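Chemist: Handing you this structure, nothing more for now.
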Amino acid sequence: MNTVIIQYNAGNIQSVLYALERLGVQALVTDDVELIQKADKVIFPGVGEASTAMHYLKERGLDKVIQHLKQPVLGICLGMQLMCTYSEENDTTCLGVFEEQVKLFKPSDASIKVPQIGWNNIGQLKTDLFKGVAENSFTYFVHGYYAALGAHTIATTQYIQPYSSALHKDNFYGVQFHPEKSAKVGEQIIQNFLNIS
Amino acid sequence: MLTKRIIPCLDIKDGRTVKGINFEQIRDAGDPIELGAFYAEQGADELVFLDITATIEKRKTLSELVNKIAHKINIPFTVGGGIKSEEDVSVLLQNGADKIAINTAAFLDPTTISRFAKNFGSQCVVLAIDAKCEADNKWYVYLNGGRTKTDKLVTDWAKEAVDLGVGEILLTSMNHDGTKQGFALDITAQLAETLPVPIIASGGGGNEQHFLDVFTKGKADAALAASIFHYKELAIPDLKQFLNKQGIAIRL
């Protein structure tokens, strides 16, 4: 199996690469359109700011490629947000795989910190991405923007309000949390993604 | 529900873990990679690695160590010690660190914070503050591993740093560090209640009750400790079970 990690100015590429290595998978990190299109599995990581990331994807022509991929694709954190239609972060038009909108967390009182940093539960789990993962398992989050609940929600997390901690449509999956940093639960989710055919 | 975090801290010197008692005495407490992996297995929520002899010659050693840690460990970790430039940060992040901690360099040139936040994102910029309560009952910022006093109040510096873009604050009370008599609850709560970023409390954690207090009375988002974990005086699973029973949101 040939697994590709899309290379762009995302902060967590190494962590994703090493997490795959721990599962015995040697992934290729590339921004080459042809190699991405030919891969069996594509991982679209992301840490950073939405408009800068979209700009970078446009420069490499990837903004016209990712949403048309046919093989299983997993977007992580900003990667998932960029697969939505629109992000409030610097008013950014995104790739449009998921219709859900990405919004800024608005704290209900001063004790609530934004961004959310730390371990939170994922619940109402759907699809094989969460096979063998217990309801309300903990995963690691770092984000100031969130995808609203919608038709493609396959995991829900509560922070200020319930939101989509994972999305799914056709061959596309997205997770808001960092499976590569979420201990055994995260490893299970990455393995499940690799098992999806 | 977002949980409170328990963070073991590993001080690194020449590739080995050490812990200074009151920043002076130093004892060897093991191999950082094995120890880090052990803590991750035990349920630590994050790890912090502080290189306390971060000289230029040792920089390469540190990045190699970070790379080995990143290969082995499946939870987030922060690396600090002597970080000054964008290149320092870039090397550590590229080797797999999730966050970097800055202290003296940020104080001497606060634009360091805004530059790092802009280039790497606030989420990976942790400001470490060494704080000491003086005879006037005010908390002052100390630099250079606690050796140099400044006239700056901790509350002022923390606020300034948040405005410049730090994503988290790691607050160490020098009065409490190494004492095992409990965390500095007042200054921790003061920062946690007034600033929009998470506060990691450090210094003085000696038993389960101290951790409970720093989360309830100190309002901390995370608590960091070193020697009590290294010398097995308190096991992370027991600590987390205790906190959970006391009604603290914790990852079990």
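Ordering of the structure tokens sets the chain letters (A, B, ...), residue numbers begin anew at 1 in every chain, and ligands are numbered from 1 in the order given.
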Considering only C-alpha atoms, return as a count of residues only whatever protein or nucleic-acid residues lie within 10 Å of A:Gln191, sequence-local ones (same chain, fewer than 2 positions apart) excluded.
Modeler: 15
Chemist: Identify every residue of chain B that has at least one atom within 8 Å of any atom of chain A, counting only C-alpha atoms, and report the result as a VMD selection string.
Modeler: chain B and resid 1 to 5 40 45 70 to 72 74 to 76 93 to 96 98 120 to 121 123 192 to 194 196 to 198 251
Chemist: Hey, can you spit out that residue selection with N, CA and C atoms as an mmCIF file, in the first residue's frame?
Modeler:
```cif
data_model
loop_
_atom_site.group_PDB
_atom_site.id
_atom_site.type_symbol
_atom_site.label_atom_id
_atom_site.label_comp_id
_atom_site.auth_asym_id
_atom_site.auth_seq_id
_atom_site.Cartn_x
_atom_site.Cartn_y
_atom_site.Cartn_z
ATOM 1 N N MET B 1 -15.677 16.658 27.516
ATOM 2 C CA MET B 1 -15.277 17.833 28.284
ATOM 3 C C MET B 1 -13.756 17.974 28.279
ATOM 4 N N LEU B 2 -13.296 19.191 28.065
ATOM 5 C CA LEU B 2 -11.848 19.424 28.054
ATOM 6 C C LEU B 2 -11.290 19.110 29.439
ATOM 7 N N THR B 3 -10.215 18.328 29.475
ATOM 8 C CA THR B 3 -9.697 17.879 30.769
ATOM 9 C C THR B 3 -8.505 18.719 31.229
ATOM 10 N N LYS B 4 -8.239 18.645 32.523
ATOM 11 C CA LYS B 4 -7.017 19.225 33.078
ATOM 12 C C LYS B 4 -5.863 18.309 32.690
ATOM 13 N N ARG B 5 -4.710 18.890 32.485
ATOM 14 C CA ARG B 5 -3.567 18.102 32.001
ATOM 15 C C ARG B 5 -2.505 17.893 33.086
ATOM 16 N N ALA B 40 4.188 8.499 28.951
ATOM 17 C CA ALA B 40 3.096 8.490 27.963
ATOM 18 C C ALA B 40 2.218 7.254 28.193
ATOM 19 N N ASP B 45 -0.452 13.532 30.003
ATOM 20 C CA ASP B 45 -1.209 14.182 28.934
ATOM 21 C C ASP B 45 -0.308 14.900 27.943
ATOM 22 N N ALA B 70 10.351 12.138 19.235
ATOM 23 C CA ALA B 70 9.180 12.239 18.347
ATOM 24 C C ALA B 70 8.865 10.906 17.675
ATOM 25 N N HIS B 71 9.893 10.129 17.387
ATOM 26 C CA HIS B 71 9.653 8.814 16.800
ATOM 27 C C HIS B 71 8.948 7.884 17.779
ATOM 28 N N LYS B 72 9.288 8.025 19.039
ATOM 29 C CA LYS B 72 8.871 7.056 20.043
ATOM 30 C C LYS B 72 7.541 7.416 20.721
ATOM 31 N N ASN B 74 3.784 9.083 21.533
ATOM 32 C CA ASN B 74 2.544 9.349 20.805
ATOM 33 C C ASN B 74 1.644 10.375 21.494
ATOM 34 N N ILE B 75 2.235 11.238 22.320
ATOM 35 C CA ILE B 75 1.489 12.360 22.908
ATOM 36 C C ILE B 75 2.276 13.643 22.639
ATOM 37 N N PRO B 76 1.644 14.805 22.801
ATOM 38 C CA PRO B 76 2.326 16.062 22.477
ATOM 39 C C PRO B 76 3.478 16.353 23.442
ATOM 40 N N LEU B 93 10.883 22.037 15.593
ATOM 41 C CA LEU B 93 9.570 21.640 15.071
ATOM 42 C C LEU B 93 9.733 20.609 13.954
ATOM 43 N N GLN B 94 10.736 20.837 13.099
ATOM 44 C CA GLN B 94 10.958 19.886 12.000
ATOM 45 C C GLN B 94 11.380 18.515 12.514
ATOM 46 N N ASN B 95 11.984 18.494 13.681
ATOM 47 C CA ASN B 95 12.366 17.203 14.267
ATOM 48 C C ASN B 95 11.235 16.586 15.076
ATOM 49 N N GLY B 96 10.081 17.248 15.107
ATOM 50 C CA GLY B 96 8.902 16.613 15.681
ATOM 51 C C GLY B 96 8.387 17.183 16.989
ATOM 52 N N ASP B 98 6.171 19.496 19.270
ATOM 53 C CA ASP B 98 4.870 20.108 19.007
ATOM 54 C C ASP B 98 4.851 21.577 19.394
ATOM 55 N N PHE B 120 5.154 30.513 13.215
ATOM 56 C CA PHE B 120 4.894 29.107 13.565
ATOM 57 C C PHE B 120 3.511 28.894 14.168
ATOM 58 N N GLY B 121 2.805 29.979 14.485
ATOM 59 C CA GLY B 121 1.485 29.868 15.108
ATOM 60 C C GLY B 121 1.572 29.941 16.623
ATOM 61 N N GLN B 123 -0.130 28.530 18.756
ATOM 62 C CA GLN B 123 -0.368 27.238 19.427
ATOM 63 C C GLN B 123 0.931 26.521 19.796
ATOM 64 N N ALA B 192 -4.583 32.749 35.624
ATOM 65 C CA ALA B 192 -5.595 31.906 34.970
ATOM 66 C C ALA B 192 -6.926 32.643 34.825
ATOM 67 N N GLU B 193 -7.254 33.476 35.803
ATOM 68 C CA GLU B 193 -8.552 34.163 35.771
ATOM 69 C C GLU B 193 -8.545 35.406 34.884
ATOM 70 N N THR B 194 -7.373 35.929 34.578
ATOM 71 C CA THR B 194 -7.353 37.177 33.813
ATOM 72 C C THR B 194 -6.865 37.015 32.376
ATOM 73 N N PRO B 196 -6.504 34.973 28.579
ATOM 74 C CA PRO B 196 -7.284 34.071 27.715
ATOM 75 C C PRO B 196 -6.532 32.824 27.249
ATOM 76 N N VAL B 197 -5.328 32.579 27.766
ATOM 77 C CA VAL B 197 -4.568 31.390 27.340
ATOM 78 C C VAL B 197 -4.423 30.428 28.527
ATOM 79 N N PRO B 198 -4.202 29.144 28.247
ATOM 80 C CA PRO B 198 -4.038 28.171 29.342
ATOM 81 C C PRO B 198 -2.808 28.472 30.203
ATOM 82 N N ARG B 251 -8.340 12.837 31.921
ATOM 83 C CA ARG B 251 -8.315 11.737 30.948
ATOM 84 C C ARG B 251 -7.795 10.488 31.635
#
```
Chemist: Quick one: of B:Glu160, B:Thr179, B:Phe116, B:Ala44, who's nearest to B:Ala235, counting only C-alpha atoms?
Modeler: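 The closest residue to B:Ala235 is B:Ala44.
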Chemist: Can you check which parts of stretch 75-117 of chain A lie within 8 Å of stretch 164-175 of chain A? Per residue, the shortest pair of atoms and distance in Å to one decimal, counting only C-alpha atoms, sorted by chain and number, as CSV.
Modeler:
```
residue,atom,partner,partner_atom,distance
A:Gly75,CA,A:Gly174,CA,4.3
A:Ile76,CA,A:Val175,CA,5.1
A:Cys77,CA,A:Val175,CA,6.0
A:Gly79,CA,A:Gly174,CA,7.4
A:Met80,CA,A:Gly174,CA,4.6
A:Gln81,CA,A:Gly174,CA,7.9
A:Met83,CA,A:Gly174,CA,7.8
A:Val97,CA,A:Lys169,CA,7.5
A:Phe98,CA,A:Lys169,CA,7.0
```
Chemist: Given the choices B:Ala131, B:Leu62, B:Leu47, B:Leu170, which gets closest to B:Leu153 if the distance is worked out from only C-alpha atoms?
Modeler: B:Ala131
Chemist: Can you list, as a ChimeraX atom specification, every residue of stretch 4-227 of chain B that DSSP puts in alpha helix (DSSP H)?
Modeler: /B:32-42,59-72,86-94,104-108,111-120,154-164,185-194,208-216,227
Chemist: Atoms to include: C-alpha atoms. Write the selected residues as a short mmCIF file (atom, residue, chain, number, x, y, z; two decimals), in the first residue's frame.
Modeler:
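Output file selection25.cif is given in full below:
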```
data_model
loop_
_atom_site.label_atom_id
_atom_site.label_comp_id
_atom_site.auth_asym_id
_atom_site.auth_seq_id
_atom_site.Cartn_x
_atom_site.Cartn_y
_atom_site.Cartn_z
CA PRO B 32 14.75 10.96 28.54
CA ILE B 33 13.36 8.82 25.71
CA GLU B 34 12.60 5.81 27.87
CA LEU B 35 11.31 7.94 30.69
CA GLY B 36 9.12 9.96 28.29
CA ALA B 37 7.68 6.81 26.74
CA PHE B 38 7.03 5.40 30.21
CA TYR B 39 5.10 8.55 31.21
CA ALA B 40 3.10 8.49 27.96
CA GLU B 41 2.18 4.86 28.70
CA GLN B 42 1.23 5.81 32.26
CA ARG B 59 22.13 22.36 19.84
CA LYS B 60 22.62 19.48 17.42
CA THR B 61 22.50 16.98 20.28
CA LEU B 62 19.18 18.41 21.38
CA SER B 63 17.59 18.27 17.92
CA GLU B 64 18.74 14.65 17.54
CA LEU B 65 17.24 13.81 20.90
CA VAL B 66 13.98 15.56 19.94
CA ASN B 67 13.88 13.52 16.77
CA LYS B 68 14.24 10.27 18.74
CA ILE B 69 11.57 11.36 21.19
CA ALA B 70 9.18 12.24 18.35
CA HIS B 71 9.65 8.81 16.80
CA LYS B 72 8.87 7.06 20.04
CA GLU B 86 13.46 31.31 14.15
CA GLU B 87 16.05 28.77 13.06
CA ASP B 88 16.20 27.25 16.56
CA VAL B 89 12.41 26.86 16.51
CA SER B 90 12.28 25.57 12.98
CA VAL B 91 14.85 22.83 13.67
CA LEU B 92 12.99 21.63 16.77
CA LEU B 93 9.57 21.64 15.07
CA GLN B 94 10.96 19.89 12.00
CA THR B 104 14.92 34.73 28.82
CA ALA B 105 15.27 35.46 25.10
CA ALA B 106 11.60 36.51 24.92
CA PHE B 107 12.02 38.83 27.89
CA LEU B 108 15.15 40.46 26.48
CA THR B 111 9.39 40.82 19.47
CA THR B 112 10.68 37.22 19.62
CA ILE B 113 7.18 36.25 20.71
CA SER B 114 5.35 38.04 17.91
CA ARG B 115 7.79 36.75 15.30
CA PHE B 116 7.49 33.15 16.51
CA ALA B 117 3.71 33.42 16.74
CA LYS B 118 3.47 34.79 13.21
CA ASN B 119 5.86 32.24 11.68
CA PHE B 120 4.89 29.11 13.56
CA VAL B 154 4.83 38.57 36.57
CA THR B 155 1.28 39.78 35.92
CA ASP B 156 2.51 42.60 33.66
CA TRP B 157 4.89 40.39 31.69
CA ALA B 158 2.30 37.63 31.24
CA LYS B 159 -0.28 40.12 29.92
CA GLU B 160 2.23 41.69 27.55
CA ALA B 161 3.31 38.28 26.24
CA VAL B 162 -0.28 37.20 25.61
CA ASP B 163 -0.87 40.39 23.63
CA LEU B 164 2.24 39.55 21.59
CA LEU B 185 -2.07 29.03 44.16
CA ASP B 186 -2.52 32.81 44.34
CA ILE B 187 -0.37 33.89 41.40
CA THR B 188 -1.53 30.90 39.32
CA ALA B 189 -5.19 31.82 39.88
CA GLN B 190 -4.46 35.46 39.18
CA LEU B 191 -3.05 34.63 35.75
CA ALA B 192 -5.59 31.91 34.97
CA GLU B 193 -8.55 34.16 35.77
CA THR B 194 -7.35 37.18 33.81
CA GLU B 208 -2.31 14.40 45.21
CA GLN B 209 -3.96 17.13 47.25
CA HIS B 210 -1.56 19.74 45.85
CA PHE B 211 -2.68 18.90 42.32
CA LEU B 212 -6.34 19.04 43.33
CA ASP B 213 -5.73 22.46 44.91
CA VAL B 214 -3.94 23.88 41.87
CA PHE B 215 -6.87 22.89 39.62
CA THR B 216 -9.62 24.07 41.97
CA SER B 227 10.98 14.87 40.79
#
```
Chemist: Tell me, in Å to one decimal, how far atom CA of A:Gln101 is from atom CA of A:Ser87.
Modeler: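 Going from atom CA of A:Gln101 over to atom CA of A:Ser87 covers 6.2 Å.
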Chemist: What does the distance between atom CA of A:Val4 and atom CA of A:Arg60 come to in Å, to one decimal place?
Modeler: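 Between atom CA of A:Val4 and atom CA of A:Arg60 the gap works out to 16.1 Å.
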Chemist: Rank nothing, just name the residue among A:Leu57, A:Val42, A:Lys126, A:Leu82 nearest to A:Leu28, using only C-alpha atoms.
Modeler: A:Val42
Chemist: Would you give me, as a ChimeraX atom specification, the residues in stretch 50-89 of chain A that DSSP reads as strand (DSSP E or B)?
Modeler: /A:73-76,84-87
Chemist: Let me see the file: selected residues, N, CA and C atoms, as a tab-separated table (two decimals), in the first residue's frame.
Modeler:
```
chain	number	residue	atom	x	y	z
A	73	VAL	N	-9.19	9.70	1.75
A	73	VAL	CA	-8.42	10.89	2.12
A	73	VAL	C	-8.75	11.23	3.57
A	74	LEU	N	-7.72	11.49	4.36
A	74	LEU	CA	-7.93	11.88	5.76
A	74	LEU	C	-7.34	13.27	6.00
A	75	GLY	N	-8.21	14.23	6.30
A	75	GLY	CA	-7.75	15.57	6.66
A	75	GLY	C	-7.61	15.66	8.17
A	76	ILE	N	-6.52	16.25	8.63
A	76	ILE	CA	-6.29	16.37	10.08
A	76	ILE	C	-6.24	17.83	10.47
A	84	CYS	N	-13.65	21.85	4.26
A	84	CYS	CA	-15.00	22.41	4.35
A	84	CYS	C	-15.18	23.49	3.27
A	85	THR	N	-16.37	24.10	3.26
A	85	THR	CA	-16.68	25.07	2.20
A	85	THR	C	-16.04	26.41	2.47
A	86	TYR	N	-16.10	26.82	3.75
A	86	TYR	CA	-15.71	28.18	4.08
A	86	TYR	C	-15.21	28.23	5.52
A	87	SER	N	-14.17	29.06	5.76
A	87	SER	CA	-13.70	29.27	7.12
A	87	SER	C	-13.73	30.74	7.47
```
Chemist: Using only C-alpha atoms, find the one residue out of B:Gly206, B:Leu252, B:Lys13, B:Lys219 that sits nearest to B:Lys232.
Modeler: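 Counting only C-alpha atoms, the residue closest to B:Lys232 is B:Gly206.
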Chemist: Quick one: residues within 7 Å of B:Ala223, only C-alpha atoms, excluding same-chain residues fewer than 5 positions away - as a VMD selection string?
Modeler: chain B and resid 5 to 7 200 to 202 211
Chemist: So the first atom is atom CA of B:Cys9 and the second is atom CA of B:Thr78; what is the distance between them in Å, to one decimal place?
Modeler: 9.4 Å
